[in-house]
Amino acid sequence: MTDLAHLVGAAQRGDRQAFGELYARYARAVHGILLSHVPRSEVEDLLQDVFMIAMQRLDTLRDPDAFGGWLAAIARNRATDHLRRTPHTIELTDQALGREASSARGALPRAIAPDQSEALMVLAAIRALPEAYRETLVLRLVEGMTGPEIAQRTGLTAASVRVNLHRGMKQLRARLVHV
Amino acid sequence: MNDDDYLWDRSGPPDPEVERLETLLRPLGHQESGSIPLVRLDAETTVRLKPDTTYVSAEHTSTFVSGAQTATFVSGAQTATHVSAAQTATHVSAAQTSTHVSATSTAGAKSLRYIPALAAAALIAIVAGGWWMVSPSRPQTPGWEVTTIEGAPTIASRSILSRSELPVGDWLETNERSQAGISVAGLGRIEIGPRTRVGLVSARAGDYRLNLERGTLHAVISAPAGQFFVETPSSLTVDLGCAYTLTVDEAGRGLVRVTAGWVGFEWQGRESFIPAGFVGATRPGVGPGTPYHERASSDVRAALELIDFSRESPETGPALSRVLAEAGERDEVTLWHLLTRVPAGERDRVFDRLARFVPPPVSVTREGIRLERRDMLDAWWDAMGLGTMSLWRTWKQAWPGGPTSK
């Protein structure tokens, strides 16, 4: 039995310490998935929601080794649901930057002063990419995970992650080059 | 080594642009909060968390407080509750009622904001489906949003470039160069592979239903078990809380490979329960075959094909011998299904083999199994430790209009 399967099994039997360990391992991945979909100001609350939902439904997970993919799916669903229900409560900065990023030709003004502003601009540019690339790039560049970690934490195949990183980075470079 | 090695796993020479973006973006990422010690708060309990914040658990609730910097969840016996610690107050919201638990706080409690919150065990025991019925995550849209993963999929023969909606009654199609994704809030995510034609039959709450005419779909479902269905030409696929890949070929033959949870296959009263790590086949006019472990040998697969779909063949006996000879402990699911799939005269052989791995309960007799007594089959299933058969029957009763009822 893998270490992950052991942890998930313990959590399914009600061991909250084990669930806490799962949180510690997977919070970064869930944070990244959420951040690739929703305004930054709302990610922390949704992060808690995702783990709450996961705890409620953990007994339906039959293959403990599939925990990562299962949790990632919950995060995506929660993000989608949140956006549908609260379309008018988008963080101003992200919203504005998102609009800018998705504007004409995708060109993004890079030299925009303070670090945080530039970071948000780049984040907005990543969010404007196709979904598969967006999520993988946020996990890699924002959350600092490596490709193998992303695959392990999200349940995607390593090959898919590598392709998504390659193609996503290529598209991101194209956007950032128009300075 | 190639140019992407640094991007992939930081093993190659640093890519300056990637490095710059890492440095720039890292502050936006998740801020680690360390390990998560857990404290259980029983009813009527007050606990003081450092530095100066007091949380009170309400009557009939139990609370788990977690987090190095802390956070809280409170769950009630019949309420779903979520406590998020803010800087000055904590709000406990119940499923249909709202309780506010005040917390005195000091500036030192600012760190509470990032605390992971965990639900209490009682939450899991919430009346089945009750919480979900009032949950905001319940799907409510009439159609489903489709996004393009690759190429140009079509809906109702019209190309979609990035995203569109699949209305009930319409078909989503991909060619050999296109793929699409369907995300449904509160239900899950479904990826549609190349060369696939899939229709949205129902988007009603509790009856989320696709028709897979041909091709492949990958489903990761987070909705409660028994609410997502995929009709195929040879079976109804019922999600039981899981992830799986379902393929239907041009002849209507289906194959499901389950990677998490369980899938139920049903056609005109013939049913199969397929757990993670197993594969199940279906055939038009016959229905689901016997599930087999994904590492089963090609001999066993061929033998099961013959037993399931060529039942009059004189080769059934030798085929069963091959399956029984290779059957191990992991194959108890296969053997249980075979109890009713083989001719009556062969049933004792399956009985004996399964009994080696899972002794039949005292209420189960050889004669009863020969007669396909449902109560005995169910009791033996229960003894396998895979969840009681009453669970399966519960969701089966709730099947809204599968092929069985047509």
# chains A, B, ... in the order shown; residues from 1 in each chain; ligands from 1

$ interface_residues --of "chain A" --to "chain B" --cutoff "6 Å" --atoms "only C-alpha atoms" --output "VMD selection string"
chain A and resid 20 28 48 52 56 60 to 63 66 77 80 to 81 119 141 to 143 146 to 147

$ write_last_selection --atoms "N, CA and C atoms" --output "compact mmCIF listing (two decimals), in the first residue's frame"
# COMPACT_ATOMS: atom_id res chain seq x y z
N GLY A 20 -5.50 16.11 7.95
CA GLY A 20 -4.67 17.30 8.04
C GLY A 20 -3.40 17.16 7.22
N ARG A 28 -1.47 23.33 -1.76
CA ARG A 28 -0.82 24.15 -2.79
C ARG A 28 -1.43 23.87 -4.17
N GLN A 48 -10.81 26.41 1.53
CA GLN A 48 -11.43 25.75 2.68
C GLN A 48 -12.66 24.98 2.26
N MET A 52 -13.47 20.97 2.70
CA MET A 52 -14.68 20.58 3.44
C MET A 52 -15.51 19.59 2.61
N GLN A 56 -16.35 15.57 3.34
CA GLN A 56 -17.70 15.02 3.33
C GLN A 56 -17.82 13.82 2.40
N THR A 60 -16.64 8.20 -0.50
CA THR A 60 -17.02 7.72 -1.84
C THR A 60 -15.80 7.43 -2.71
N LEU A 61 -14.63 7.80 -2.22
CA LEU A 61 -13.41 7.59 -2.99
C LEU A 61 -12.93 6.16 -2.77
N ARG A 62 -13.01 5.34 -3.80
CA ARG A 62 -12.68 3.92 -3.65
C ARG A 62 -11.21 3.62 -3.89
N ASP A 63 -10.58 4.43 -4.72
CA ASP A 63 -9.16 4.19 -5.00
C ASP A 63 -8.35 5.30 -4.33
N ALA A 66 -6.06 7.62 -6.18
CA ALA A 66 -6.64 8.61 -7.11
C ALA A 66 -7.06 9.88 -6.39
N ASN A 77 -14.66 22.12 -9.91
CA ASN A 77 -16.11 22.28 -9.82
C ASN A 77 -16.49 23.42 -8.89
N THR A 80 -15.81 26.71 -10.68
CA THR A 80 -16.82 26.96 -11.71
C THR A 80 -18.14 27.38 -11.08
N ASP A 81 -18.50 26.67 -10.05
CA ASP A 81 -19.75 26.96 -9.37
C ASP A 81 -19.72 28.37 -8.77
N ALA A 119 3.08 41.19 -11.49
CA ALA A 119 2.71 39.79 -11.22
C ALA A 119 1.25 39.55 -11.58
N LEU A 141 4.41 27.94 -12.17
CA LEU A 141 5.07 29.24 -11.99
C LEU A 141 4.65 29.96 -10.72
N VAL A 142 3.41 29.80 -10.32
CA VAL A 142 2.93 30.50 -9.12
C VAL A 142 3.13 29.64 -7.88
N GLU A 143 2.73 28.39 -7.97
CA GLU A 143 2.82 27.53 -6.80
C GLU A 143 4.18 26.85 -6.66
N THR A 146 6.94 21.28 -9.51
CA THR A 146 7.57 20.76 -10.72
C THR A 146 6.52 19.98 -11.53
N GLY A 147 6.87 19.69 -12.77
CA GLY A 147 5.96 18.92 -13.61
C GLY A 147 5.55 17.59 -12.98

$ closest_residue --among "A:Arg85, A:Arg153, A:Arg57, A:Arg13" --to "Ala29 of chain A" --atoms "only C-alpha atoms"
A:Arg153

$ closest_residue --among "B:Glu271, B:Glu173, B:Glu305, B:Asp378" --to "Gly193 of chain B" --atoms "only C-alpha atoms"
B:Glu173
